[in-house]
Number of protein chains: 2
Amino acid sequence: MAVDRRVLRTRNALYDALVSLIRRKAYDLITVEDILREAGIGRATFYAHFTSKDDLLERSLDRLRELLVATETSSKAAAEPGQTVSRVFFDHVAQYRDIPVALASGRGGTIVREAIDRIVAERIKAVIPSEPTGPLPRELVVLHIVSALNTTLRWWLERGQHLGPAEAHALFARLVLKGVPKEAVKLFI
Amino acid sequence: MAVDRRVLRTRNALYDALVSLIRRKAYDLITVEDILREAGIGRATFYAHFTSKDDLLERSLDRLRELLVATETSSKAAAEPGQTVSRVFFDHVAQYRDIPVALASGRGGTIVREAIDRIVAERIKAVIPSEPTGPLPRELVVLHIVSALNTTLRWWLERGQHLGPAEAHALFARLVLKGVPKEAVKLFI
DNA sequence: AAAGTTTCCGAACATGGTGTTCGAATATTC
DNA sequence: GAATATTCGAACACCATGTTCGGAAACTTT
């Protein structure tokens, strides 16, 4: 009872078409018709598999989700020192450096970022289901890490291009674990 | 050469209608027609003043901007000990607790949040124009503080309602200045 | 390889929101 | 009160969404 080949072909064609389009165009400017043309798929077929463009995006990101999950299990098993989930994430993003649109500021990249945020938050919760968070509420800690990761990635892609993934990740880790020098912000905070 | 009364009346009616609708309905689901009905304004008139729904929202935020800047400068004048810019910001937001829930997520929330981010980043830079940031790039530090503030506020309004502004601000300060307990995230970061 | 099943296609259709146009009616300013 | 500016409302063209349908094609099963 394997999945019909045509189904896989259709879905992969749509996944690839979406990614391909995102490389050239802001997400919210992409229409379903654009995707159909790019993928060579009929309109009725699209709606037989996905309920909307957002649905397609969500499911496309399952690949990313699988990558992160794989990292968790492998790093747990092998306990490799440098291979944490967030570290792998930076490597992964490095491969997509040519997609400024996807993570760009403004409304275009918002939907993509929020979708990624959801996955990252989910993975963080999975990894630290009951670790102590001190006086800080668990939910807030998760949200903070997600937004710090998001911010660091955007900064890296837009203004820190000279840094490698390891260095960018180190900045992220420092921000989250050690915080910001007090002297730098004493007048604001 | 004062502005025609009708113009002011029309624009205020539209501003108010939008705010009123946002309290009941997600921004994305609000149509221009909804706004027209709520405001009692003709379609043609709307497009004589604003190019789109987003444009209307953007301009509505100018009021917010003035409000925030005014709050900040007045707090400087008072110069009370412990009354930092971000601390006052939490007090200010506390007054609008019933509003931003609808703005918090989705596209509309994004527009609002980005507008606030811009203002906050502007204020941070003004307050700490040349403080040392250690090994961390200044731009990244500013972005990080902005997003941490944004995240804490959102969490506070959505899930931390039991806390007062002082407590919420304390959480924000701790996150930014001391970071997150290492044990809590050792598997992720 | 043929029968039976599932999927794909593509064009048509209904729906609903967007933004524009126009002359006539109305409010405002000077 | 005359000149000017704004508003109205209805109609219009436009575009994207999501659905429907029967016939064609691909796949699976035996």
# chains A, B, ... in the order shown; residues from 1 in each chain; ligands from 1
call {"tool": "interface_residues", "arguments": {"of": "chain A", "to": "chain C", "cutoff": "9 Å", "atoms": "only C-alpha atoms (C1' of nucleotides)", "output": "list of chain:residue names"}}
result
A:Asp4, A:Arg6, A:Val7, A:Ile41, A:Gly42, A:Arg43, A:Ala44, A:Thr45
call {"tool": "select_by_dssp", "arguments": {"residues": "chain A", "states": "helix (DSSP H, G or I)", "output": "ChimeraX atom specification"}}
result
/A:5-22,27-29,32-39,43-49,53-60,62-78,85-94,100-103,107-127,138-159,165-177,182-185
call {"tool": "closest_atom_pairs", "arguments": {"of": "chain A", "to": "chain B", "cutoff": "8 Å", "atoms": "only C-alpha atoms", "output": "Markdown table"}}
result
| residue | atom | partner | partner_atom | distance |
| --- | --- | --- | --- | --- |
| A:Thr84 | CA | B:Phe188 | CA | 5.5 |
| A:Val85 | CA | B:Phe188 | CA | 5.1 |
| A:Ser86 | CA | B:Ile189 | CA | 5.3 |
| A:Arg87 | CA | B:Ile189 | CA | 6.8 |
| A:Gly106 | CA | B:Ile111 | CA | 8.0 |
| A:Arg107 | CA | B:Arg107 | CA | 7.1 |
| A:Thr110 | CA | B:Thr110 | CA | 7.4 |
| A:Ile124 | CA | B:Phe188 | CA | 6.6 |
| A:Val127 | CA | B:Leu187 | CA | 6.5 |
| A:Ile128 | CA | B:Val185 | CA | 6.5 |
| A:Glu131 | CA | B:Ala184 | CA | 4.9 |
| A:Pro132 | CA | B:Ala184 | CA | 5.7 |
| A:Thr133 | CA | B:Ala184 | CA | 5.7 |
| A:Gly134 | CA | B:Pro181 | CA | 7.0 |
| A:Leu136 | CA | B:Leu171 | CA | 6.8 |
| A:Leu140 | CA | B:Trp155 | CA | 6.4 |
| A:Val141 | CA | B:Val180 | CA | 7.2 |
| A:Leu143 | CA | B:Thr151 | CA | 6.7 |
| A:His144 | CA | B:Ala148 | CA | 6.3 |
| A:Ser147 | CA | B:Ser147 | CA | 6.4 |
| A:Ala148 | CA | B:His144 | CA | 6.3 |
| A:Thr151 | CA | B:His144 | CA | 6.4 |
| A:Thr152 | CA | B:Leu140 | CA | 7.0 |
| A:Trp155 | CA | B:Leu140 | CA | 6.5 |
| A:Leu171 | CA | B:Leu136 | CA | 6.9 |
| A:Ala173 | CA | B:Ile189 | CA | 6.4 |
| A:Leu175 | CA | B:Gly179 | CA | 6.9 |
| A:Val176 | CA | B:Gly179 | CA | 5.1 |
| A:Leu177 | CA | B:Gly179 | CA | 4.7 |
| A:Lys178 | CA | B:Gly179 | CA | 4.9 |
| A:Gly179 | CA | B:Gly179 | CA | 4.5 |
| A:Val180 | CA | B:Leu177 | CA | 5.1 |
| A:Pro181 | CA | B:Thr133 | CA | 6.2 |
| A:Lys182 | CA | B:Leu177 | CA | 6.2 |
| A:Glu183 | CA | B:Glu131 | CA | 7.1 |
| A:Ala184 | CA | B:Glu131 | CA | 4.9 |
| A:Val185 | CA | B:Ile128 | CA | 6.6 |
| A:Leu187 | CA | B:Thr84 | CA | 6.4 |
| A:Phe188 | CA | B:Val85 | CA | 5.2 |
| A:Ile189 | CA | B:Ser86 | CA | 5.3 |
call {"tool": "write_last_selection", "arguments": {"atoms": "C-alpha atoms", "output": "short mmCIF file (atom, residue, chain, number, x, y, z; two decimals), in the first residue's frame"}}
result
data_model
loop_
_atom_site.label_atom_id
_atom_site.label_comp_id
_atom_site.auth_asym_id
_atom_site.auth_seq_id
_atom_site.Cartn_x
_atom_site.Cartn_y
_atom_site.Cartn_z
CA THR A 84 23.85 21.04 18.65
CA VAL A 85 20.54 21.73 16.99
CA SER A 86 21.10 25.44 16.65
CA ARG A 87 24.62 24.91 15.33
CA GLY A 106 9.03 43.45 5.59
CA ARG A 107 5.84 41.58 5.01
CA THR A 110 7.16 37.44 7.59
CA ILE A 124 13.33 23.68 21.58
CA VAL A 127 14.77 19.18 23.58
CA ILE A 128 14.18 20.89 26.89
CA GLU A 131 14.89 21.62 32.24
CA PRO A 132 14.93 24.21 34.99
CA THR A 133 14.66 27.76 33.76
CA GLY A 134 15.26 29.48 37.06
CA LEU A 136 12.18 32.81 34.12
CA LEU A 140 9.18 33.17 27.72
CA VAL A 141 12.55 31.47 27.56
CA LEU A 143 10.15 32.64 22.78
CA HIS A 144 13.29 34.56 23.63
CA SER A 147 13.56 35.47 18.50
CA ALA A 148 17.27 35.71 19.29
CA THR A 151 17.43 38.10 14.87
CA THR A 152 20.95 36.74 14.69
CA TRP A 155 21.65 40.14 10.96
CA LEU A 171 27.46 35.32 18.65
CA ALA A 173 25.11 31.58 21.85
CA LEU A 175 23.72 36.67 23.39
CA VAL A 176 21.44 34.02 24.77
CA LEU A 177 23.71 32.53 27.42
CA LYS A 178 25.66 35.53 28.66
CA GLY A 179 23.57 38.46 27.60
CA VAL A 180 24.71 41.95 26.72
CA PRO A 181 27.38 43.98 28.61
CA LYS A 182 25.59 46.01 31.25
CA GLU A 183 27.59 49.14 30.58
CA ALA A 184 26.38 49.19 27.01
CA VAL A 185 22.74 49.53 27.93
CA LEU A 187 20.80 54.06 30.29
CA PHE A 188 18.16 52.15 28.45
CA ILE A 189 17.27 49.13 30.52
#
call {"tool": "interface_residues", "arguments": {"of": "chain D", "to": "chain A", "cutoff": "10 Å", "atoms": "only C-alpha atoms (C1' of nucleotides)", "output": "PyMOL selection string"}}
result
chain D and resi 16-20+26-28
call {"tool": "write_last_selection", "arguments": {"atoms": "N, CA and C atoms (P, O5', C5', C4', C3', O3' and C1' of nucleotides)", "output": "mmCIF file, in the first residue's frame"}}
result
data_model
loop_
_atom_site.group_PDB
_atom_site.id
_atom_site.type_symbol
_atom_site.label_atom_id
_atom_site.label_comp_id
_atom_site.auth_asym_id
_atom_site.auth_seq_id
_atom_site.Cartn_x
_atom_site.Cartn_y
_atom_site.Cartn_z
ATOM 1 P P DA D 16 -3.445 37.734 -10.485
ATOM 2 O "O5'" DA D 16 -3.844 36.860 -9.220
ATOM 3 C "C5'" DA D 16 -3.893 37.473 -7.954
ATOM 4 C "C4'" DA D 16 -4.766 36.665 -7.042
ATOM 5 C "C3'" DA D 16 -4.500 35.160 -7.084
ATOM 6 O "O3'" DA D 16 -4.233 34.686 -5.781
ATOM 7 C "C1'" DA D 16 -6.828 35.622 -7.363
ATOM 8 P P DT D 17 -4.098 33.130 -5.507
ATOM 9 O "O5'" DT D 17 -5.549 32.734 -4.996
ATOM 10 C "C5'" DT D 17 -6.147 33.459 -3.940
ATOM 11 C "C4'" DT D 17 -7.511 32.873 -3.635
ATOM 12 C "C3'" DT D 17 -7.495 31.360 -3.402
ATOM 13 O "O3'" DT D 17 -8.074 31.089 -2.140
ATOM 14 C "C1'" DT D 17 -9.172 31.975 -4.992
ATOM 15 P P DG D 18 -7.638 29.724 -1.393
ATOM 16 O "O5'" DG D 18 -8.747 28.707 -1.894
ATOM 17 C "C5'" DG D 18 -10.090 28.966 -1.536
ATOM 18 C "C4'" DG D 18 -11.031 28.191 -2.423
ATOM 19 C "C3'" DG D 18 -10.766 26.685 -2.529
ATOM 20 O "O3'" DG D 18 -11.960 26.010 -2.175
ATOM 21 C "C1'" DG D 18 -11.177 27.605 -4.640
ATOM 22 P P DT D 19 -12.069 24.427 -2.215
ATOM 23 O "O5'" DT D 19 -13.187 24.200 -3.340
ATOM 24 C "C5'" DT D 19 -14.264 25.101 -3.417
ATOM 25 C "C4'" DT D 19 -15.217 24.688 -4.538
ATOM 26 C "C3'" DT D 19 -15.372 23.174 -4.723
ATOM 27 O "O3'" DT D 19 -16.750 22.881 -4.888
ATOM 28 C "C1'" DT D 19 -14.669 24.158 -6.766
ATOM 29 P P DT D 20 -17.234 21.334 -4.825
ATOM 30 O "O5'" DT D 20 -17.582 21.038 -6.351
ATOM 31 C "C5'" DT D 20 -18.318 21.991 -7.100
ATOM 32 C "C4'" DT D 20 -18.295 21.622 -8.575
ATOM 33 C "C3'" DT D 20 -18.366 20.120 -8.854
ATOM 34 O "O3'" DT D 20 -19.501 19.850 -9.662
ATOM 35 C "C1'" DT D 20 -16.641 21.148 -10.128
ATOM 36 P P DA D 26 0.575 8.735 -19.523
ATOM 37 O "O5'" DA D 26 0.592 8.190 -18.026
ATOM 38 C "C5'" DA D 26 0.659 9.122 -16.959
ATOM 39 C "C4'" DA D 26 0.406 8.392 -15.647
ATOM 40 C "C3'" DA D 26 1.364 7.224 -15.387
ATOM 41 O "O3'" DA D 26 1.960 7.421 -14.128
ATOM 42 C "C1'" DA D 26 -0.908 6.557 -15.080
ATOM 43 P P DC D 27 3.222 6.454 -13.701
ATOM 44 O "O5'" DC D 27 2.482 5.409 -12.752
ATOM 45 C "C5'" DC D 27 1.827 5.896 -11.597
ATOM 46 C "C4'" DC D 27 0.910 4.837 -11.030
ATOM 47 C "C3'" DC D 27 1.588 3.513 -10.673
ATOM 48 O "O3'" DC D 27 1.648 3.395 -9.270
ATOM 49 C "C1'" DC D 27 -0.546 3.189 -11.700
ATOM 50 P P DT D 28 2.404 2.090 -8.614
ATOM 51 O "O5'" DT D 28 1.181 1.090 -8.422
ATOM 52 C "C5'" DT D 28 0.039 1.524 -7.708
ATOM 53 C "C4'" DT D 28 -0.964 0.390 -7.595
ATOM 54 C "C3'" DT D 28 -0.372 -0.944 -7.133
ATOM 55 O "O3'" DT D 28 -1.216 -1.481 -6.119
ATOM 56 C "C1'" DT D 28 -1.562 -1.249 -9.167
#
call {"tool": "calpha_fit_rmsd", "arguments": {"fixed": "chain A", "moving": "chain B"}}
result
2.2 Å
call {"tool": "atom_distance", "arguments": {"atom1": "atom CA of Ile116 of chain A", "atom2": "atom CA of Arg24 of chain A"}}
result
19.1 Å
call {"tool": "residues_around", "arguments": {"residues": "Arg9 of chain B", "least_positions_apart": "5", "cutoff": "12 Å", "atoms": "only C-alpha atoms (C1' of nucleotides)", "output": "NGL selection string"}}
result
(:B and (3-4 or 14-17 or 39-41 or 45 or 49)) or (:C and (27)) or (:D and (6-7))
call {"tool": "write_last_selection", "arguments": {"atoms": "N, CA and C atoms (P, O5', C5', C4', C3', O3' and C1' of nucleotides)", "output": "CSV table (one decimal), in the first residue's frame"}}
result
chain,number,residue,atom,x,y,z
B,3,VAL,N,-6.4,72.7,6.8
B,3,VAL,CA,-7.0,71.5,6.2
B,3,VAL,C,-8.5,71.5,6.3
B,4,ASP,N,-9.1,71.1,5.2
B,4,ASP,CA,-10.6,71.1,5.2
B,4,ASP,C,-11.1,70.2,6.3
B,14,LEU,N,-12.0,57.0,9.6
B,14,LEU,CA,-11.4,55.8,9.1
B,14,LEU,C,-10.4,55.2,10.1
B,15,TYR,N,-9.6,56.1,10.8
B,15,TYR,CA,-8.7,55.6,11.8
B,15,TYR,C,-9.5,54.9,12.9
B,16,ASP,N,-10.6,55.6,13.4
B,16,ASP,CA,-11.3,55.0,14.5
B,16,ASP,C,-12.0,53.7,14.1
B,17,ALA,N,-12.5,53.7,12.8
B,17,ALA,CA,-13.1,52.4,12.4
B,17,ALA,C,-12.2,51.3,12.4
B,39,ALA,N,-17.1,53.0,9.2
B,39,ALA,CA,-16.8,54.5,9.2
B,39,ALA,C,-17.9,55.3,8.6
B,40,GLY,N,-18.8,54.7,7.8
B,40,GLY,CA,-19.8,55.4,7.1
B,40,GLY,C,-19.2,56.3,6.0
B,41,ILE,N,-18.2,55.8,5.3
B,41,ILE,CA,-17.4,56.5,4.3
B,41,ILE,C,-17.6,55.8,3.0
B,45,THR,N,-14.0,57.8,-1.6
B,45,THR,CA,-13.4,58.7,-0.7
B,45,THR,C,-12.2,58.0,0.0
B,49,HIS,N,-7.8,59.1,0.0
B,49,HIS,CA,-7.0,59.4,1.1
B,49,HIS,C,-5.9,58.4,1.3
C,27,DA,P,-24.4,68.8,3.5
C,27,DA,O5',-22.9,69.3,3.8
C,27,DA,C5',-21.9,68.4,4.0
C,27,DA,C4',-20.5,69.1,3.8
C,27,DA,C3',-20.3,70.3,4.8
C,27,DA,O3',-19.1,70.0,5.5
C,27,DA,C1',-19.8,70.9,2.6
D,6,DT,P,-9.7,68.9,-1.1
D,6,DT,O5',-11.1,68.1,-0.8
D,6,DT,C5',-11.8,68.5,0.4
D,6,DT,C4',-13.1,67.8,0.5
D,6,DT,C3',-13.0,66.3,0.4
D,6,DT,O3',-13.5,65.7,1.6
D,6,DT,C1',-14.7,67.0,-1.0
D,7,DT,P,-13.4,64.1,1.9
D,7,DT,O5',-14.8,63.6,1.5
D,7,DT,C5',-16.0,64.2,2.1
D,7,DT,C4',-17.2,63.8,1.4
D,7,DT,C3',-17.4,62.3,1.3
D,7,DT,O3',-18.5,61.9,2.0
D,7,DT,C1',-17.9,63.4,-0.8
